[in-house]
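Chemist: This is run.pdb (PDB, C-alpha atoms).
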ATOM      1  CA  MET A   1       4.107 -27.721  -0.164  1.00  0.00           C
ATOM      2  CA  LEU A   2       1.270 -27.498  -2.678  1.00  0.00           C
ATOM      3  CA  THR A   3      -1.224 -30.311  -3.183  1.00  0.00           C
ATOM      4  CA  ALA A   4      -3.306 -30.750  -6.336  1.00  0.00           C
ATOM      5  CA  ILE A   5      -7.041 -31.024  -5.673  1.00  0.00           C
ATOM      6  CA  PRO A   6      -9.360 -31.678  -8.634  1.00  0.00           C
ATOM      7  CA  CYS A   7     -12.180 -29.162  -8.955  1.00  0.00           C
ATOM      8  CA  ALA A   8     -14.345 -27.556 -11.587  1.00  0.00           C
ATOM      9  CA  ILE A   9     -15.764 -24.056 -11.898  1.00  0.00           C
ATOM     10  CA  TYR A  10     -19.416 -23.854 -12.898  1.00  0.00           C
ATOM     11  CA  ARG A  11     -21.998 -21.116 -13.203  1.00  0.00           C
ATOM     12  CA  GLY A  12     -25.446 -22.027 -11.969  1.00  0.00           C
ATOM     13  CA  GLY A  13     -28.140 -19.389 -12.385  1.00  0.00           C
ATOM     14  CA  THR A  14     -26.682 -16.076 -11.235  1.00  0.00           C
ATOM     15  CA  SER A  15     -23.950 -17.703  -9.129  1.00  0.00           C
ATOM     16  CA  LYS A  16     -20.532 -19.193  -9.814  1.00  0.00           C
ATOM     17  CA  GLY A  17     -18.386 -21.436  -7.697  1.00  0.00           C
ATOM     18  CA  LEU A  18     -16.042 -24.334  -7.198  1.00  0.00           C
ATOM     19  CA  PHE A  19     -17.330 -27.897  -7.505  1.00  0.00           C
ATOM     20  CA  PHE A  20     -15.640 -30.806  -5.762  1.00  0.00           C
ATOM     21  CA  LEU A  21     -16.197 -34.502  -5.408  1.00  0.00           C
ATOM     22  CA  LYS A  22     -16.536 -35.158  -1.684  1.00  0.00           C
ATOM     23  CA  GLN A  23     -13.670 -37.662  -1.625  1.00  0.00           C
ATOM     24  CA  HIS A  24     -11.214 -34.987  -2.799  1.00  0.00           C
ATOM     25  CA  LEU A  25     -11.765 -32.816   0.291  1.00  0.00           C
ATOM     26  CA  PRO A  26     -10.788 -33.449   3.927  1.00  0.00           C
ATOM     27  CA  ALA A  27     -13.489 -35.350   5.844  1.00  0.00           C
ATOM     28  CA  ASP A  28     -13.034 -33.116   8.906  1.00  0.00           C
ATOM     29  CA  PRO A  29     -15.239 -30.008   8.419  1.00  0.00           C
ATOM     30  CA  ALA A  30     -12.712 -27.670  10.087  1.00  0.00           C
ATOM     31  CA  ALA A  31      -9.872 -28.864   7.839  1.00  0.00           C
ATOM     32  CA  ARG A  32     -12.179 -28.719   4.791  1.00  0.00           C
ATOM     33  CA  ASN A  33     -13.209 -25.158   5.599  1.00  0.00           C
ATOM     34  CA  GLN A  34      -9.592 -24.032   6.071  1.00  0.00           C
ATOM     35  CA  LEU A  35      -8.754 -25.484   2.673  1.00  0.00           C
ATOM     36  CA  LEU A  36     -11.754 -23.791   1.021  1.00  0.00           C
ATOM     37  CA  LEU A  37     -10.848 -20.420   2.550  1.00  0.00           C
ATOM     38  CA  ALA A  38      -7.346 -20.757   1.113  1.00  0.00           C
ATOM     39  CA  LEU A  39      -8.639 -21.876  -2.298  1.00  0.00           C
ATOM     40  CA  MET A  40     -11.044 -18.926  -2.497  1.00  0.00           C
ATOM     41  CA  GLY A  41      -8.510 -16.410  -1.160  1.00  0.00           C
ATOM     42  CA  SER A  42     -10.566 -15.472   1.899  1.00  0.00           C
ATOM     43  CA  PRO A  43     -10.532 -13.389   3.940  1.00  0.00           C
ATOM     44  CA  ASP A  44      -9.724 -10.685   1.406  1.00  0.00           C
ATOM     45  CA  GLU A  45     -12.347  -8.382  -0.073  1.00  0.00           C
ATOM     46  CA  ARG A  46     -10.745  -8.878  -3.500  1.00  0.00           C
ATOM     47  CA  GLN A  47      -9.837 -12.570  -3.073  1.00  0.00           C
ATOM     48  CA  ILE A  48      -6.679 -11.814  -5.059  1.00  0.00           C
ATOM     49  CA  ASP A  49      -4.826 -14.932  -3.885  1.00  0.00           C
ATOM     50  CA  GLY A  50      -7.578 -17.399  -4.733  1.00  0.00           C
ATOM     51  CA  LEU A  51     -10.319 -18.507  -7.070  1.00  0.00           C
ATOM     52  CA  GLY A  52     -13.131 -16.496  -5.462  1.00  0.00           C
ATOM     53  CA  GLY A  53     -14.721 -13.670  -7.405  1.00  0.00           C
ATOM     54  CA  ALA A  54     -14.749 -11.036  -4.623  1.00  0.00           C
ATOM     55  CA  HIS A  55     -18.530 -11.209  -4.251  1.00  0.00           C
ATOM     56  CA  PRO A  56     -20.857 -13.552  -2.336  1.00  0.00           C
ATOM     57  CA  LEU A  57     -22.385 -14.706  -5.659  1.00  0.00           C
ATOM     58  CA  THR A  58     -18.963 -15.884  -6.861  1.00  0.00           C
ATOM     59  CA  SER A  59     -17.553 -17.303  -3.620  1.00  0.00           C
ATOM     60  CA  LYS A  60     -19.548 -20.518  -3.389  1.00  0.00           C
ATOM     61  CA  VAL A  61     -18.726 -24.210  -3.180  1.00  0.00           C
ATOM     62  CA  ALA A  62     -20.626 -27.376  -4.080  1.00  0.00           C
ATOM     63  CA  VAL A  63     -19.518 -30.707  -2.627  1.00  0.00           C
ATOM     64  CA  VAL A  64     -21.023 -33.629  -4.534  1.00  0.00           C
ATOM     65  CA  SER A  65     -21.020 -37.394  -4.028  1.00  0.00           C
ATOM     66  CA  THR A  66     -23.115 -40.434  -4.803  1.00  0.00           C
ATOM     67  CA  SER A  67     -25.979 -40.985  -2.373  1.00  0.00           C
ATOM     68  CA  SER A  68     -26.947 -44.028  -0.365  1.00  0.00           C
ATOM     69  CA  HIS A  69     -30.424 -42.541   0.173  1.00  0.00           C
ATOM     70  CA  PRO A  70     -32.998 -44.471  -1.881  1.00  0.00           C
ATOM     71  CA  ALA A  71     -34.685 -41.250  -3.077  1.00  0.00           C
ATOM     72  CA  ALA A  72     -31.489 -39.755  -4.536  1.00  0.00           C
ATOM     73  CA  ASP A  73     -28.737 -40.411  -7.042  1.00  0.00           C
ATOM     74  CA  ILE A  74     -26.340 -37.858  -5.565  1.00  0.00           C
ATOM     75  CA  GLU A  75     -25.808 -35.694  -2.483  1.00  0.00           C
ATOM     76  CA  TYR A  76     -25.081 -31.969  -2.612  1.00  0.00           C
ATOM     77  CA  LEU A  77     -23.633 -29.883   0.198  1.00  0.00           C
ATOM     78  CA  PHE A  78     -23.637 -26.130  -0.429  1.00  0.00           C
ATOM     79  CA  LEU A  79     -20.987 -24.021   1.301  1.00  0.00           C
ATOM     80  CA  GLN A  80     -20.905 -20.218   1.255  1.00  0.00           C
ATOM     81  CA  VAL A  81     -17.359 -18.924   1.650  1.00  0.00           C
ATOM     82  CA  LYS A  82     -17.305 -15.421   3.114  1.00  0.00           C
ATOM     83  CA  VAL A  83     -15.283 -12.961   1.093  1.00  0.00           C
ATOM     84  CA  ASP A  84     -13.978 -10.715   3.882  1.00  0.00           C
ATOM     85  CA  LYS A  85     -14.113 -13.117   6.861  1.00  0.00           C
ATOM     86  CA  ALA A  86     -12.503 -16.467   7.611  1.00  0.00           C
ATOM     87  CA  GLU A  87     -15.887 -18.169   7.639  1.00  0.00           C
ATOM     88  CA  VAL A  88     -17.579 -20.971   5.693  1.00  0.00           C
ATOM     89  CA  SER A  89     -21.313 -21.500   6.204  1.00  0.00           C
ATOM     90  CA  ASP A  90     -23.534 -24.498   5.490  1.00  0.00           C
ATOM     91  CA  SER A  91     -26.672 -22.906   6.964  1.00  0.00           C
ATOM     92  CA  GLN A  92     -28.594 -22.616   3.693  1.00  0.00           C
ATOM     93  CA  ASN A  93     -29.098 -24.121   0.257  1.00  0.00           C
ATOM     94  CA  CYS A  94     -28.322 -22.339  -2.992  1.00  0.00           C
ATOM     95  CA  GLY A  95     -30.706 -23.004  -5.848  1.00  0.00           C
ATOM     96  CA  ASN A  96     -28.452 -21.245  -8.330  1.00  0.00           C
ATOM     97  CA  MET A  97     -25.565 -23.605  -7.615  1.00  0.00           C
ATOM     98  CA  LEU A  98     -28.038 -26.507  -7.515  1.00  0.00           C
ATOM     99  CA  ALA A  99     -28.673 -25.906 -11.229  1.00  0.00           C
ATOM    100  CA  ALA A 100     -25.047 -26.838 -11.959  1.00  0.00           C
ATOM    101  CA  VAL A 101     -24.847 -29.854  -9.622  1.00  0.00           C
ATOM    102  CA  ALA A 102     -26.466 -32.313 -12.052  1.00  0.00           C
ATOM    103  CA  PRO A 103     -24.267 -31.377 -15.052  1.00  0.00           C
ATOM    104  CA  PHE A 104     -21.204 -31.706 -12.793  1.00  0.00           C
ATOM    105  CA  ALA A 105     -22.358 -35.117 -11.535  1.00  0.00           C
ATOM    106  CA  LEU A 106     -22.974 -36.284 -15.094  1.00  0.00           C
ATOM    107  CA  GLU A 107     -19.553 -35.061 -16.265  1.00  0.00           C
ATOM    108  CA  GLN A 108     -17.913 -36.831 -13.294  1.00  0.00           C
ATOM    109  CA  GLY A 109     -19.669 -40.116 -14.066  1.00  0.00           C
ATOM    110  CA  LEU A 110     -21.693 -40.181 -10.840  1.00  0.00           C
ATOM    111  CA  VAL A 111     -24.882 -40.605 -12.894  1.00  0.00           C
ATOM    112  CA  ALA A 112     -25.202 -42.271 -16.303  1.00  0.00           C
ATOM    113  CA  ALA A 113     -26.488 -39.888 -18.974  1.00  0.00           C
ATOM    114  CA  GLN A 114     -29.506 -40.844 -21.067  1.00  0.00           C
ATOM    115  CA  ASP A 115     -30.753 -39.540 -24.407  1.00  0.00           C
ATOM    116  CA  PRO A 116     -32.228 -36.903 -24.926  1.00  0.00           C
ATOM    117  CA  TYR A 117     -32.298 -35.757 -21.282  1.00  0.00           C
ATOM    118  CA  THR A 118     -31.328 -37.087 -17.867  1.00  0.00           C
ATOM    119  CA  ASP A 119     -33.190 -36.630 -14.594  1.00  0.00           C
ATOM    120  CA  VAL A 120     -30.823 -36.473 -11.613  1.00  0.00           C
ATOM    121  CA  ARG A 121     -32.305 -36.952  -8.131  1.00  0.00           C
ATOM    122  CA  ILE A 122     -30.433 -34.737  -5.662  1.00  0.00           C
ATOM    123  CA  HIS A 123     -30.370 -34.930  -1.862  1.00  0.00           C
ATOM    124  CA  MET A 124     -29.690 -31.380  -0.626  1.00  0.00           C
ATOM    125  CA  LEU A 125     -27.823 -32.016   2.612  1.00  0.00           C
ATOM    126  CA  ASN A 126     -28.135 -28.472   3.985  1.00  0.00           C
ATOM    127  CA  THR A 127     -31.879 -28.861   4.493  1.00  0.00           C
ATOM    128  CA  ASN A 128     -32.297 -32.646   4.114  1.00  0.00           C
ATOM    129  CA  THR A 129     -34.616 -32.114   1.151  1.00  0.00           C
ATOM    130  CA  PHE A 130     -34.704 -33.362  -2.423  1.00  0.00           C
ATOM    131  CA  ALA A 131     -34.851 -31.976  -5.944  1.00  0.00           C
ATOM    132  CA  VAL A 132     -34.839 -33.465  -9.415  1.00  0.00           C
ATOM    133  CA  ALA A 133     -32.769 -31.695 -12.070  1.00  0.00           C
ATOM    134  CA  ARG A 134     -33.533 -32.355 -15.743  1.00  0.00           C
ATOM    135  CA  VAL A 135     -30.464 -31.847 -17.933  1.00  0.00           C
ATOM    136  CA  GLU A 136     -30.391 -31.940 -21.729  1.00  0.00           C
ATOM    137  CA  THR A 137     -28.103 -34.841 -22.675  1.00  0.00           C
ATOM    138  CA  PRO A 138     -28.437 -35.531 -26.406  1.00  0.00           C
ATOM    139  CA  ALA A 139     -26.578 -38.714 -27.383  1.00  0.00           C
ATOM    140  CA  GLY A 140     -25.643 -39.079 -23.674  1.00  0.00           C
ATOM    141  CA  ASN A 141     -23.588 -35.854 -23.495  1.00  0.00           C
ATOM    142  CA  VAL A 142     -24.333 -32.803 -21.337  1.00  0.00           C
ATOM    143  CA  SER A 143     -25.510 -29.924 -23.513  1.00  0.00           C
ATOM    144  CA  TYR A 144     -24.387 -26.464 -22.427  1.00  0.00           C
ATOM    145  CA  GLN A 145     -25.564 -24.569 -25.514  1.00  0.00           C
ATOM    146  CA  GLY A 146     -29.130 -23.317 -25.627  1.00  0.00           C
ATOM    147  CA  GLU A 147     -31.521 -20.397 -25.654  1.00  0.00           C
ATOM    148  CA  ALA A 148     -32.422 -20.208 -21.930  1.00  0.00           C
ATOM    149  CA  ARG A 149     -31.747 -16.735 -20.511  1.00  0.00           C
ATOM    150  CA  ILE A 150     -31.586 -15.399 -16.951  1.00  0.00           C
ATOM    151  CA  ASP A 151     -32.001 -11.736 -16.050  1.00  0.00           C
ATOM    152  CA  GLY A 152     -28.662 -10.298 -14.979  1.00  0.00           C
ATOM    153  CA  VAL A 153     -26.574 -12.941 -16.778  1.00  0.00           C
ATOM    154  CA  PRO A 154     -25.220 -12.211 -20.259  1.00  0.00           C
ATOM    155  CA  GLY A 155     -25.734 -14.788 -22.996  1.00  0.00           C
ATOM    156  CA  SER A 156     -27.784 -17.952 -23.040  1.00  0.00           C
ATOM    157  CA  ALA A 157     -27.318 -21.621 -22.199  1.00  0.00           C
ATOM    158  CA  ALA A 158     -29.141 -24.935 -22.107  1.00  0.00           C
ATOM    159  CA  PRO A 159     -31.879 -24.953 -19.471  1.00  0.00           C
ATOM    160  CA  VAL A 160     -31.694 -27.051 -16.313  1.00  0.00           C
ATOM    161  CA  LEU A 161     -35.173 -27.610 -14.954  1.00  0.00           C
ATOM    162  CA  LEU A 162     -35.445 -28.045 -11.174  1.00  0.00           C
ATOM    163  CA  ASP A 163     -38.331 -29.793  -9.446  1.00  0.00           C
ATOM    164  CA  PHE A 164     -38.163 -29.293  -5.674  1.00  0.00           C
ATOM    165  CA  GLN A 165     -39.710 -32.172  -3.703  1.00  0.00           C
ATOM    166  CA  ASP A 166     -41.617 -31.510  -0.448  1.00  0.00           C
ATOM    167  CA  ILE A 167     -39.501 -28.573   0.717  1.00  0.00           C
ATOM    168  CA  GLU A 168     -42.191 -26.741   2.701  1.00  0.00           C
ATOM    169  CA  GLY A 169     -40.772 -25.722   6.065  1.00  0.00           C
ATOM    170  CA  SER A 170     -37.252 -27.029   5.422  1.00  0.00           C
ATOM    171  CA  SER A 171     -35.591 -23.718   6.332  1.00  0.00           C
ATOM    172  CA  CYS A 172     -38.022 -21.886   8.597  1.00  0.00           C
ATOM    173  CA  GLY A 173     -40.364 -24.632   9.878  1.00  0.00           C
ATOM    174  CA  ALA A 174     -43.437 -23.686   7.830  1.00  0.00           C
ATOM    175  CA  LEU A 175     -44.505 -22.850   4.296  1.00  0.00           C
ATOM    176  CA  PHE A 176     -44.771 -19.161   5.214  1.00  0.00           C
ATOM    177  CA  PRO A 177     -42.580 -17.552   7.893  1.00  0.00           C
TER
END
Show me the file's structure as structure tokens.

Modeler:
Amino acid sequence: MLTAIPCAIYRGGTSKGLFFLKQHLPADPAARNQLLLALMGSPDERQIDGLGGAHPLTSKVAVVSTSSHPAADIEYLFLQVKVDKAEVSDSQNCGNMLAAVAPFALEQGLVAAQDPYTDVRIHMLNTNTFAVARVETPAGNVSYQGEARIDGVPGSAAPVLLDFQDIEGSSCGALFP
């Protein structure tokens, strides 16, 4: 039996992946990971039977929810779905996907959009750190059109500016390894 699960597909930086509201996924991490593997079509190096793009840059997941932390509007959990293995990892952040988290949260109504831009305070759960994303929101609507370009990505789009807050040592224990 098939079950409908709302999701969106966003490109952030040089990555692309599936975006979910936390409440739409199983609370149990093992059940969640099994579902994500099936949705991406992993393990299969081509991910033919799924939404993955057969490359680590296109087999990513963002899980987003409102935050109870006073320093954040939303929480973001990044999950890397392996292409050729039945494995889902939460051992790192992904700044590329982070760039799409705020537009997703705005579109989902988790944060009220302002005019002409909206700052979204994000708690990155993978490393328990914070970032602020500035999104262009003229007239309270997310703008996707713009002149910002990224090497290796065709076309242009509206910029999303990221300000990382006190992240020194969050992954390796010090500013420099």

Chemist: With range 117-128 of chain A as the partner and 12 Å as the cut-off, tabulate the residues of range 55-103 of chain A that qualify, each row holding the nearest pair of atoms and their distance in Å to one decimal, using all atoms listed in the file, sorted by chain and rising number, as a tab-separated table.

Modeler:
residue	atom	partner	partner_atom	distance
A:Ala62	CA	A:Met124	CA	10.5
A:Val63	CA	A:Leu125	CA	9.9
A:Val64	CA	A:Ile122	CA	9.5
A:Ser65	CA	A:His123	CA	9.9
A:Thr66	CA	A:Ile122	CA	9.3
A:Ser67	CA	A:His123	CA	7.5
A:Ser68	CA	A:His123	CA	9.8
A:His69	CA	A:His123	CA	7.9
A:Pro70	CA	A:Arg121	CA	9.8
A:Ala71	CA	A:Arg121	CA	7.0
A:Ala72	CA	A:Arg121	CA	4.6
A:Asp73	CA	A:Arg121	CA	5.1
A:Ile74	CA	A:Ile122	CA	5.1
A:Glu75	CA	A:His123	CA	4.7
A:Tyr76	CA	A:Met124	CA	5.1
A:Leu77	CA	A:Leu125	CA	5.3
A:Phe78	CA	A:Asn126	CA	6.7
A:Leu79	CA	A:Asn126	CA	8.8
A:Gln80	CA	A:Asn126	CA	11.3
A:Ser89	CA	A:Asn126	CA	10.0
A:Asp90	CA	A:Asn126	CA	6.3
A:Ser91	CA	A:Asn126	CA	6.5
A:Gln92	CA	A:Asn126	CA	5.9
A:Asn93	CA	A:Asn126	CA	5.8
A:Cys94	CA	A:Asn126	CA	9.3
A:Gly95	CA	A:Met124	CA	9.9
A:Met97	CA	A:Met124	CA	11.2
A:Leu98	CA	A:Met124	CA	8.6
A:Ala99	CA	A:Ile122	CA	10.6
A:Ala100	CA	A:Val120	CA	11.2
A:Val101	CA	A:Ile122	CA	8.4
A:Ala102	CA	A:Val120	CA	6.0
A:Pro103	CA	A:Val120	CA	9.0

Chemist: Evaluate the PyMOL selection byres ((chain A and resi 163) around 7) here and jot the selected residues down as a ChimeraX atom specification.

Modeler: /A:131-133,161-162,164-165

Chemist: Given the file above and the PyMOL selection byres ((chain A and resi 21) around 9), which residues are selected, and can you give them as a list in words?

Modeler: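 That expression, the PyMOL selection byres ((chain A and resi 21) around 9), corresponds here to Pro6, Cys7, Phe19, Phe20, Lys22, Gln23, His24, Leu25, Ala62, Val63, Val64, Ser65, Ala105 and Gln108 of chain A.
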
Chemist: To box range 114-122 of chain A, take all atoms listed in the file, fit an axis-aligned box, add 5 Å on each side, and give centre and edge lengths in Å to one decimal, as AutoDock Vina command-line options.

Modeler:
--center_x -31.3 --center_y -37.8 --center_z -15.3 --size_x 13.7 --size_y 16.1 --size_z 29.3

Chemist: Quick one: of A:Val135, A:Ala38, A:Ala157, A:Ile150, who's nearest to Glu107 in chain A, counting all atoms listed in the file?

Modeler: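 Between A:Val135, A:Ala38, A:Ala157, A:Ile150, the residue approaching Glu107 in chain A most closely is A:Val135.
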
Chemist: Name the closest residue to Pro43 in chain A among the candidates A:Val83, A:Ala31, A:Tyr10, A:Gly17; distances are taken between atoms, counting all atoms listed in the file.

Modeler: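 Of A:Val83, A:Ala31, A:Tyr10, A:Gly17, the one nearest Pro43 in chain A is A:Val83, counting all atoms listed in the file.
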
Chemist: Would you please work out which residue, of A:Ser42, A:Gln114, A:Thr137, A:Gln145, is nearest to Val88 in chain A when using all atoms listed in the file?

Modeler: A:Ser42

Chemist: Kindly indicate which residue among A:Val142, A:Val81, A:Ala8, A:Leu37 lies nearest to Asp49 in chain A, using only C-alpha atoms for the distances.

Modeler: A:Leu37

Chemist: Could you state the separation of CA of Ser15 in chain A and CA of Asn96 in chain A in Å, given to one decimal place?

Modeler: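 Result for CA of Ser15 in chain A versus CA of Asn96 in chain A: 5.8 Å, one decimal.
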
Chemist: Kindly give the distance, in Å, that separates CA of Ala112 in chain A and CA of Ser143 in chain A, rounded to a single decimal.

Modeler: 14.3 Å

Chemist: Have a look at A:Asp151, A:Ser156, A:Lys82, A:Pro138 and name the one nearest to Gln47 in chain A; count only C-alpha atoms.

Modeler: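 So, comparing all the options, the nearest one is A:Lys82.
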
Chemist: Between A:Ala139, A:Ala86, A:Leu106, A:Leu18, single out the one closest to Ser59 in chain A, counting all atoms listed in the file.

Modeler: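 Ranking A:Ala139, A:Ala86, A:Leu106, A:Leu18 by distance to Ser59 in chain A, first place goes to A:Leu18.
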
Chemist: How many Å lie between CA of Asn141 in chain A and CA of Asp115 in chain A, rounded to one decimal?

Modeler: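 Between CA of Asn141 in chain A and CA of Asp115 in chain A the gap is 8.1 Å.
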
Chemist: For range 14-24 of chain A, supply all heavy atoms and format the output as a PDB file, in the coordinates of the input.

Modeler:
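The new file selection36.pdb reads:
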ATOM      1  N   THR A  14     -27.454 -17.322 -11.338  1.00  0.00           N
ATOM      2  CA  THR A  14     -26.682 -16.076 -11.235  1.00  0.00           C
ATOM      3  C   THR A  14     -25.478 -16.220 -10.318  1.00  0.00           C
ATOM      4  O   THR A  14     -24.901 -15.215  -9.897  1.00  0.00           O
ATOM      5  CB  THR A  14     -27.582 -14.931 -10.712  1.00  0.00           C
ATOM      6  OG1 THR A  14     -28.102 -15.314  -9.440  1.00  0.00           O
ATOM      7  CG2 THR A  14     -28.716 -14.635 -11.675  1.00  0.00           C
ATOM      8  N   SER A  15     -25.087 -17.450 -10.019  1.00  0.00           N
ATOM      9  CA  SER A  15     -23.950 -17.703  -9.129  1.00  0.00           C
ATOM     10  C   SER A  15     -22.864 -18.489  -9.855  1.00  0.00           C
ATOM     11  O   SER A  15     -23.116 -19.131 -10.871  1.00  0.00           O
ATOM     12  CB  SER A  15     -24.386 -18.490  -7.889  1.00  0.00           C
ATOM     13  OG  SER A  15     -25.269 -17.735  -7.103  1.00  0.00           O
ATOM     14  N   LYS A  16     -21.669 -18.443  -9.274  1.00  0.00           N
ATOM     15  CA  LYS A  16     -20.532 -19.193  -9.814  1.00  0.00           C
ATOM     16  C   LYS A  16     -19.722 -19.708  -8.638  1.00  0.00           C
ATOM     17  O   LYS A  16     -19.603 -19.037  -7.617  1.00  0.00           O
ATOM     18  CB  LYS A  16     -19.690 -18.261 -10.683  1.00  0.00           C
ATOM     19  CG  LYS A  16     -18.438 -18.883 -11.245  1.00  0.00           C
ATOM     20  CD  LYS A  16     -17.717 -17.946 -12.202  1.00  0.00           C
ATOM     21  CE  LYS A  16     -17.181 -16.730 -11.482  1.00  0.00           C
ATOM     22  NZ  LYS A  16     -16.312 -15.912 -12.319  1.00  0.00           N
ATOM     23  N   GLY A  17     -19.174 -20.910  -8.802  1.00  0.00           N
ATOM     24  CA  GLY A  17     -18.386 -21.436  -7.697  1.00  0.00           C
ATOM     25  C   GLY A  17     -17.574 -22.648  -8.059  1.00  0.00           C
ATOM     26  O   GLY A  17     -17.572 -23.111  -9.204  1.00  0.00           O
ATOM     27  N   LEU A  18     -16.889 -23.162  -7.053  1.00  0.00           N
ATOM     28  CA  LEU A  18     -16.042 -24.334  -7.198  1.00  0.00           C
ATOM     29  C   LEU A  18     -16.849 -25.587  -6.884  1.00  0.00           C
ATOM     30  O   LEU A  18     -17.617 -25.614  -5.918  1.00  0.00           O
ATOM     31  CB  LEU A  18     -14.850 -24.243  -6.247  1.00  0.00           C
ATOM     32  CG  LEU A  18     -13.972 -23.004  -6.349  1.00  0.00           C
ATOM     33  CD1 LEU A  18     -12.823 -23.083  -5.351  1.00  0.00           C
ATOM     34  CD2 LEU A  18     -13.457 -22.821  -7.755  1.00  0.00           C
ATOM     35  N   PHE A  19     -16.648 -26.625  -7.683  1.00  0.00           N
ATOM     36  CA  PHE A  19     -17.330 -27.897  -7.505  1.00  0.00           C
ATOM     37  C   PHE A  19     -16.290 -28.976  -7.230  1.00  0.00           C
ATOM     38  O   PHE A  19     -15.297 -29.086  -7.952  1.00  0.00           O
ATOM     39  CB  PHE A  19     -18.134 -28.259  -8.756  1.00  0.00           C
ATOM     40  CG  PHE A  19     -19.429 -27.509  -8.856  1.00  0.00           C
ATOM     41  CD1 PHE A  19     -19.442 -26.144  -9.075  1.00  0.00           C
ATOM     42  CD2 PHE A  19     -20.632 -28.169  -8.709  1.00  0.00           C
ATOM     43  CE1 PHE A  19     -20.635 -25.447  -9.153  1.00  0.00           C
ATOM     44  CE2 PHE A  19     -21.830 -27.490  -8.782  1.00  0.00           C
ATOM     45  CZ  PHE A  19     -21.830 -26.118  -8.998  1.00  0.00           C
ATOM     46  N   PHE A  20     -16.553 -29.757  -6.183  1.00  0.00           N
ATOM     47  CA  PHE A  20     -15.640 -30.806  -5.762  1.00  0.00           C
ATOM     48  C   PHE A  20     -16.391 -32.113  -5.582  1.00  0.00           C
ATOM     49  O   PHE A  20     -17.538 -32.118  -5.143  1.00  0.00           O
ATOM     50  CB  PHE A  20     -15.009 -30.483  -4.398  1.00  0.00           C
ATOM     51  CG  PHE A  20     -14.147 -29.267  -4.388  1.00  0.00           C
ATOM     52  CD1 PHE A  20     -14.684 -28.030  -4.059  1.00  0.00           C
ATOM     53  CD2 PHE A  20     -12.794 -29.353  -4.695  1.00  0.00           C
ATOM     54  CE1 PHE A  20     -13.888 -26.897  -4.038  1.00  0.00           C
ATOM     55  CE2 PHE A  20     -11.997 -28.227  -4.676  1.00  0.00           C
ATOM     56  CZ  PHE A  20     -12.536 -26.990  -4.350  1.00  0.00           C
ATOM     57  N   LEU A  21     -15.720 -33.208  -5.867  1.00  0.00           N
ATOM     58  CA  LEU A  21     -16.197 -34.502  -5.408  1.00  0.00           C
ATOM     59  C   LEU A  21     -15.824 -34.600  -3.938  1.00  0.00           C
ATOM     60  O   LEU A  21     -14.714 -34.205  -3.541  1.00  0.00           O
ATOM     61  CB  LEU A  21     -15.557 -35.635  -6.202  1.00  0.00           C
ATOM     62  CG  LEU A  21     -15.984 -35.742  -7.661  1.00  0.00           C
ATOM     63  CD1 LEU A  21     -15.186 -36.823  -8.371  1.00  0.00           C
ATOM     64  CD2 LEU A  21     -17.475 -36.011  -7.775  1.00  0.00           C
ATOM     65  N   LYS A  22     -16.731 -35.105  -3.133  1.00  0.00           N
ATOM     66  CA  LYS A  22     -16.536 -35.158  -1.684  1.00  0.00           C
ATOM     67  C   LYS A  22     -15.227 -35.845  -1.303  1.00  0.00           C
ATOM     68  O   LYS A  22     -14.525 -35.392  -0.394  1.00  0.00           O
ATOM     69  CB  LYS A  22     -17.721 -35.883  -1.044  1.00  0.00           C
ATOM     70  CG  LYS A  22     -17.651 -35.982   0.456  1.00  0.00           C
ATOM     71  CD  LYS A  22     -18.877 -36.707   0.997  1.00  0.00           C
ATOM     72  CE  LYS A  22     -18.797 -36.853   2.501  1.00  0.00           C
ATOM     73  NZ  LYS A  22     -19.978 -37.578   3.019  1.00  0.00           N
ATOM     74  N   GLN A  23     -14.864 -36.902  -2.006  1.00  0.00           N
ATOM     75  CA  GLN A  23     -13.670 -37.662  -1.625  1.00  0.00           C
ATOM     76  C   GLN A  23     -12.370 -36.895  -1.844  1.00  0.00           C
ATOM     77  O   GLN A  23     -11.325 -37.287  -1.343  1.00  0.00           O
ATOM     78  CB  GLN A  23     -13.606 -39.016  -2.349  1.00  0.00           C
ATOM     79  CG  GLN A  23     -13.279 -38.929  -3.822  1.00  0.00           C
ATOM     80  CD  GLN A  23     -14.492 -39.114  -4.710  1.00  0.00           C
ATOM     81  OE1 GLN A  23     -15.626 -38.896  -4.287  1.00  0.00           O
ATOM     82  NE2 GLN A  23     -14.260 -39.539  -5.937  1.00  0.00           N
ATOM     83  N   HIS A  24     -12.421 -35.772  -2.561  1.00  0.00           N
ATOM     84  CA  HIS A  24     -11.214 -34.987  -2.799  1.00  0.00           C
ATOM     85  C   HIS A  24     -10.968 -33.930  -1.724  1.00  0.00           C
ATOM     86  O   HIS A  24      -9.953 -33.234  -1.772  1.00  0.00           O
ATOM     87  CB  HIS A  24     -11.268 -34.329  -4.171  1.00  0.00           C
ATOM     88  CG  HIS A  24     -11.208 -35.325  -5.282  1.00  0.00           C
ATOM     89  ND1 HIS A  24     -11.861 -35.124  -6.475  1.00  0.00           N
ATOM     90  CD2 HIS A  24     -10.605 -36.533  -5.388  1.00  0.00           C
ATOM     91  CE1 HIS A  24     -11.640 -36.159  -7.265  1.00  0.00           C
ATOM     92  NE2 HIS A  24     -10.880 -37.024  -6.623  1.00  0.00           N
TER      93      HIS A  24
END
